[in-house]
file start_6.cif (mmCIF, C-alpha atoms)
data_protein
loop_
_atom_site.label_atom_id
_atom_site.label_comp_id
_atom_site.auth_asym_id
_atom_site.auth_seq_id
_atom_site.Cartn_x
_atom_site.Cartn_y
_atom_site.Cartn_z
CA MET S 1135 5.24 -2.83 -20.98
CA MET S 1136 8.20 -0.57 -20.57
CA ALA S 1137 10.45 0.43 -23.51
CA LEU S 1138 14.12 -0.21 -23.13
CA PRO S 1139 16.42 2.86 -23.13
CA GLY S 1140 18.13 1.66 -26.32
CA LYS S 1141 14.86 1.45 -28.25
CA ALA S 1142 13.74 4.89 -27.04
CA ALA S 1143 16.99 6.44 -28.15
CA LEU S 1144 16.67 4.74 -31.55
CA ARG S 1145 13.08 6.01 -31.94
CA ARG S 1146 14.15 9.59 -31.08
CA ALA S 1147 17.04 9.41 -33.59
CA ILE S 1148 14.73 8.15 -36.35
CA TRP S 1149 12.12 10.81 -35.53
CA ARG S 1150 14.76 13.60 -35.53
CA THR S 1151 16.20 12.40 -38.86
CA GLY S 1152 12.72 12.36 -40.41
CA LEU S 1153 12.03 15.84 -39.07
CA LEU S 1154 15.34 17.10 -40.50
CA VAL S 1155 14.48 15.70 -43.95
CA VAL S 1156 11.02 17.30 -43.90
CA VAL S 1157 12.32 20.70 -42.74
CA SER S 1158 15.17 20.66 -45.28
CA SER S 1159 12.85 19.93 -48.18
CA ALA S 1160 10.26 22.47 -47.02
CA CYS S 1161 12.76 25.33 -46.75
CA GLY S 1162 14.38 24.63 -50.11
CA CYS S 1163 17.68 23.54 -48.57
CA GLY S 1164 17.99 20.61 -50.96
CA THR S 1165 19.89 20.69 -54.20
CA PRO S 1166 18.76 23.82 -56.06
CA GLN S 1167 17.52 23.62 -59.61
CA TRP S 1168 18.97 26.78 -61.06
CA VAL S 1169 16.57 28.56 -63.35
CA ARG S 1170 18.30 30.01 -66.40
CA GLY S 1171 16.91 31.96 -69.29
CA ALA S 1172 17.24 30.75 -72.85
CA GLU S 1173 18.66 34.03 -74.14
CA GLU S 1174 22.29 35.06 -74.39
CA ILE S 1175 24.04 37.21 -71.82
CA ARG S 1176 23.26 40.84 -72.53
CA PRO S 1177 26.15 43.32 -72.55
CA VAL S 1178 25.83 46.47 -70.45
CA ASP S 1179 26.19 49.75 -72.35
CA ALA S 1180 28.85 51.65 -70.38
CA ALA S 1181 27.97 54.87 -72.19
CA GLN S 1182 24.68 55.06 -70.26
CA GLY S 1183 26.46 56.37 -67.16
CA ASP S 1184 26.87 55.31 -63.55
CA ASP S 1185 23.21 55.76 -62.56
CA ALA S 1186 21.72 53.71 -65.39
CA LEU S 1187 19.70 50.66 -64.33
CA TYR S 1188 20.06 47.24 -65.94
CA HIS S 1189 17.16 44.84 -65.47
CA LEU S 1190 17.30 41.11 -64.82
CA ASP S 1191 14.36 38.71 -64.88
CA PHE S 1192 14.05 34.99 -65.54
CA ARG S 1193 13.78 35.50 -69.29
CA ASN S 1194 16.98 37.60 -69.24
CA PRO S 1195 18.82 36.44 -66.10
CA SER S 1196 22.37 37.62 -66.93
CA ILE S 1197 24.23 40.78 -67.82
CA GLN S 1198 27.84 41.27 -68.85
CA GLN S 1199 29.87 44.42 -68.21
CA ALA S 1200 33.38 45.10 -69.51
CA ILE S 1201 35.70 45.91 -66.63
CA GLU S 1202 36.92 49.46 -66.27
CA THR S 1203 40.21 49.70 -64.41
CA HIS S 1204 40.92 53.42 -65.01
CA GLY S 1205 44.56 52.70 -65.86
CA ALA S 1206 45.26 50.33 -62.95
CA SER S 1207 45.94 46.63 -63.25
CA PRO S 1208 42.74 44.58 -62.82
CA GLN S 1209 44.54 42.55 -60.15
CA ALA S 1210 44.83 45.71 -58.05
CA TYR S 1211 41.11 45.58 -57.24
CA ARG S 1212 39.95 43.40 -54.36
CA PHE S 1213 36.16 43.42 -54.83
CA VAL S 1214 33.36 43.71 -57.35
CA GLN S 1215 30.60 45.92 -55.94
CA ILE S 1216 27.06 45.23 -57.11
CA GLU S 1217 24.21 47.54 -56.17
CA VAL S 1218 20.74 46.06 -56.39
CA ALA S 1219 18.66 49.22 -56.71
CA GLU S 1220 15.13 47.85 -57.14
CA VAL S 1221 13.45 44.48 -56.57
CA THR S 1222 9.99 43.37 -57.73
CA ASN S 1223 9.39 39.96 -56.20
CA PRO S 1224 5.78 39.68 -54.97
CA LYS S 1225 5.96 35.89 -54.40
CA LYS S 1226 9.25 36.29 -52.48
CA HIS S 1227 11.17 33.69 -54.50
CA PRO S 1228 14.65 33.23 -52.98
CA LEU S 1229 17.08 35.02 -55.30
CA SER S 1230 20.78 34.22 -55.67
CA PHE S 1231 23.32 35.98 -57.83
CA GLU S 1232 26.50 34.45 -59.25
CA VAL S 1233 29.44 36.67 -60.21
CA ARG S 1234 32.03 35.53 -62.76
CA PHE S 1235 34.94 37.04 -64.63
CA GLN S 1236 35.11 36.19 -68.32
CA ALA S 1237 38.54 36.87 -69.81
CA LYS S 1238 38.88 38.13 -73.36
CA ASP S 1239 40.13 34.67 -74.41
CA GLY S 1240 36.85 33.12 -73.16
CA VAL S 1241 38.12 31.60 -69.89
CA ILE S 1242 35.50 32.03 -67.15
CA ASN S 1243 36.37 32.19 -63.43
CA PHE S 1244 33.73 31.98 -60.71
CA LEU S 1245 34.27 34.84 -58.23
CA GLY S 1246 31.42 34.30 -55.77
CA SER S 1247 27.75 34.65 -55.08
CA PHE S 1248 25.32 36.52 -52.85
CA SER S 1249 21.62 36.44 -52.02
CA LEU S 1250 18.98 38.99 -51.16
CA TYR S 1251 17.53 38.73 -47.66
CA PRO S 1252 14.68 39.22 -47.42
CA SER S 1253 14.26 38.25 -51.04
CA ASP S 1254 12.68 41.58 -52.01
CA ASN S 1255 15.25 43.79 -50.26
CA PRO S 1256 17.69 45.82 -52.40
CA GLY S 1257 21.22 46.62 -51.21
CA LYS S 1258 24.94 46.86 -52.00
CA PHE S 1259 27.01 43.70 -52.11
CA ILE S 1260 30.71 43.00 -52.58
CA VAL S 1261 32.26 39.83 -53.97
CA PRO S 1262 36.02 39.24 -53.63
CA THR S 1263 37.96 39.10 -56.89
CA GLN S 1264 40.48 36.65 -55.36
CA GLY S 1265 43.14 37.97 -57.76
CA ARG S 1266 41.33 36.33 -60.69
CA LEU S 1267 40.90 39.48 -62.81
CA ARG S 1268 43.67 39.13 -65.36
CA GLY S 1269 43.84 41.39 -68.37
CA GLU S 1270 40.84 42.51 -70.34
CA GLY S 1271 37.49 40.91 -69.82
CA ALA S 1272 34.02 41.33 -68.38
CA ILE S 1273 32.09 40.75 -65.18
CA VAL S 1274 29.08 38.46 -65.70
CA LEU S 1275 26.21 38.67 -63.20
CA SER S 1276 23.54 35.95 -63.27
CA MET S 1277 20.34 35.67 -61.24
CA ALA S 1278 18.99 32.27 -60.17
CA THR S 1279 16.40 30.69 -57.88
CA PRO S 1280 15.80 27.14 -56.65
CA ASP S 1281 12.02 27.72 -57.03
CA THR S 1282 9.94 26.74 -60.01
CA ILE S 1283 8.97 29.94 -61.79
CA GLY S 1284 5.60 30.19 -63.53
CA ASP S 1285 4.91 32.12 -66.72
CA GLN S 1286 2.86 34.67 -64.78
CA ASP S 1287 5.51 35.36 -62.11
CA THR S 1288 6.83 38.91 -62.19
CA THR S 1289 10.27 38.79 -60.63
CA ARG S 1290 12.50 41.65 -61.75
CA VAL S 1291 15.69 43.14 -60.36
CA ALA S 1292 17.36 46.43 -61.32
CA ILE S 1293 21.16 46.59 -61.00
CA LYS S 1294 23.31 49.71 -61.14
CA LYS S 1295 26.62 49.65 -63.04
CA MET S 1296 29.03 47.20 -61.35
CA ARG S 1297 32.26 48.66 -59.95
CA LEU S 1298 35.70 47.39 -59.05
CA VAL S 1299 36.66 48.59 -55.56
CA ASN S 1300 39.40 48.05 -52.99
CA GLY S 1301 37.32 47.89 -49.84
#

call {"tool": "encode", "arguments": {"input": "start_6.cif", "output": "structure tokens"}}
result
Amino acid sequence: MMALPGKAALRRAIWRTGLLVVVSSACGCGTPQWVRGAEEIRPVDAAQGDDALYHLDFRNPSIQQAIETHGASPQAYRFVQIEVAEVTNPKKHPLSFEVRFQAKDGVINFLGSFSLYPSDNPGKFIVPTQGRLRGEGAIVLSMATPDTIGDQDTTRVAIKKMRLVNG
């Protein structure tokens, strides 16, 4: 018995759709469940200097740093530069970082996000400010993962002081 071309095409389409669903769920491409810590956002102590390291983990996933414009208007800066100096991620959880600007009046603007690739590789990243830095405020950096994190997982990231740059 010979299959009709229409049935074969339908079978291939169903098989490809099933394969796409399996691959998407296996690689974590579905809707992420952002892991957030229960603690408040920790402020960065600017007096520690430019080479100080600030640590993020899933118990303390966010830091906040007041912006330093050195006399210029905050809108004059085009990017926030974030340097990830050290990464401890033995289970290679995918790590994403969200960057926001929180104005002094409490209004929060999402600036952008970036991810480490591979997930244990440090580096320098820039996120465009999009002209959203208005007046006094702070940059908030938050770490997240779509993975379920166990109590014994040791995922830790060290960040250098964030900078406003023009390119």

call {"tool": "closest_residue", "arguments": {"input": "start_6.cif", "among": "S:Leu1229, S:Ala1237, S:Ile1216, S:Ile1197", "to": "Val1274 in chain S", "atoms": "all atoms listed in the file"}}
result
S:Ile1197

call {"tool": "residues_around", "arguments": {"input": "start_6.cif", "residues": "Thr1222 in chain S", "least_positions_apart": "6", "cutoff": "7 Å", "atoms": "all atoms listed in the file", "output": "mmCIF file with C-alpha atoms, in the frame of the given file"}}
result
data_model
loop_
_atom_site.group_PDB
_atom_site.id
_atom_site.type_symbol
_atom_site.label_atom_id
_atom_site.label_comp_id
_atom_site.auth_asym_id
_atom_site.auth_seq_id
_atom_site.Cartn_x
_atom_site.Cartn_y
_atom_site.Cartn_z
ATOM 1 C CA ASP S 1254 12.680 41.580 -52.010
ATOM 2 C CA THR S 1289 10.270 38.790 -60.630
ATOM 3 C CA ARG S 1290 12.500 41.650 -61.750
ATOM 4 C CA VAL S 1291 15.690 43.140 -60.360
#

call {"tool": "residues_around", "arguments": {"input": "start_6.cif", "residues": "Phe1259 in chain S", "least_positions_apart": "5", "cutoff": "12 Å", "atoms": "all atoms listed in the file", "output": "PyMOL selection string"}}
result
chain S and resi 1213-1219+1230-1233+1246-1251+1293-1294+1296-1299+1301

call {"tool": "closest_residue", "arguments": {"input": "start_6.cif", "among": "S:Leu1187, S:Glu1220, S:Ile1273, S:Ile1201", "to": "Asn1243 in chain S", "atoms": "all atoms listed in the file"}}
result
S:Ile1273

call {"tool": "atom_distance", "arguments": {"input": "start_6.cif", "atom1": "CA of Pro1208 in chain S", "atom2": "CA of Met1277 in chain S"}}
result
24.2 Å

call {"tool": "closest_residue", "arguments": {"input": "start_6.cif", "among": "S:Val1221, S:Ile1283, S:Ala1200, S:Ala1206", "to": "Arg1234 in chain S", "atoms": "all atoms listed in the file"}}
result
S:Ala1200

call {"tool": "atom_distance", "arguments": {"input": "start_6.cif", "atom1": "CA of Asp1185 in chain S", "atom2": "CA of Phe1235 in chain S"}}
result
22.2 Å

call {"tool": "resolve_selection", "arguments": {"input": "start_6.cif", "expression": "the PyMOL selection byres ((chain S and resi 1287) around 12)", "output": "list in words"}}
result
Asp1191, Phe1192, Arg1193, Thr1222, Asn1223, Pro1224, Lys1225, Lys1226, His1227, Asp1281, Thr1282, Ile1283, Gly1284, Asp1285, Gln1286, Thr1288, Thr1289 and Arg1290 of chain S

call {"tool": "closest_residue", "arguments": {"input": "start_6.cif", "among": "S:Phe1244, S:Ser1207, S:Asn1255, S:Arg1266", "to": "Ala1292 in chain S", "atoms": "all atoms listed in the file"}}
result
S:Asn1255

call {"tool": "resolve_selection", "arguments": {"input": "start_6.cif", "expression": "the PyMOL selection byres ((chain S and resi 1265) around 8)", "output": "PyMOL selection string"}}
result
chain S and resi 1209-1212+1263-1264+1266-1268

call {"tool": "write_last_selection", "arguments": {"input": "start_6.cif", "atoms": "C-alpha atoms", "output": "mmCIF file, keeping the file's coordinate frame"}}
result
data_model
loop_
_atom_site.group_PDB
_atom_site.id
_atom_site.type_symbol
_atom_site.label_atom_id
_atom_site.label_comp_id
_atom_site.auth_asym_id
_atom_site.auth_seq_id
_atom_site.Cartn_x
_atom_site.Cartn_y
_atom_site.Cartn_z
ATOM 1 C CA GLN S 1209 44.540 42.550 -60.150
ATOM 2 C CA ALA S 1210 44.830 45.710 -58.050
ATOM 3 C CA TYR S 1211 41.110 45.580 -57.240
ATOM 4 C CA ARG S 1212 39.950 43.400 -54.360
ATOM 5 C CA THR S 1263 37.960 39.100 -56.890
ATOM 6 C CA GLN S 1264 40.480 36.650 -55.360
ATOM 7 C CA ARG S 1266 41.330 36.330 -60.690
ATOM 8 C CA LEU S 1267 40.900 39.480 -62.810
ATOM 9 C CA ARG S 1268 43.670 39.130 -65.360
#

call {"tool": "atom_distance", "arguments": {"input": "start_6.cif", "atom1": "CA of Gly1240 in chain S", "atom2": "CA of Gly1271 in chain S"}}
result
8.5 Å

call {"tool": "closest_residue", "arguments": {"input": "start_6.cif", "among": "S:Lys1295, S:Gln1198, S:Asn1300, S:Ser1276", "to": "Ala1186 in chain S", "atoms": "only C-alpha atoms"}}
result
S:Lys1295
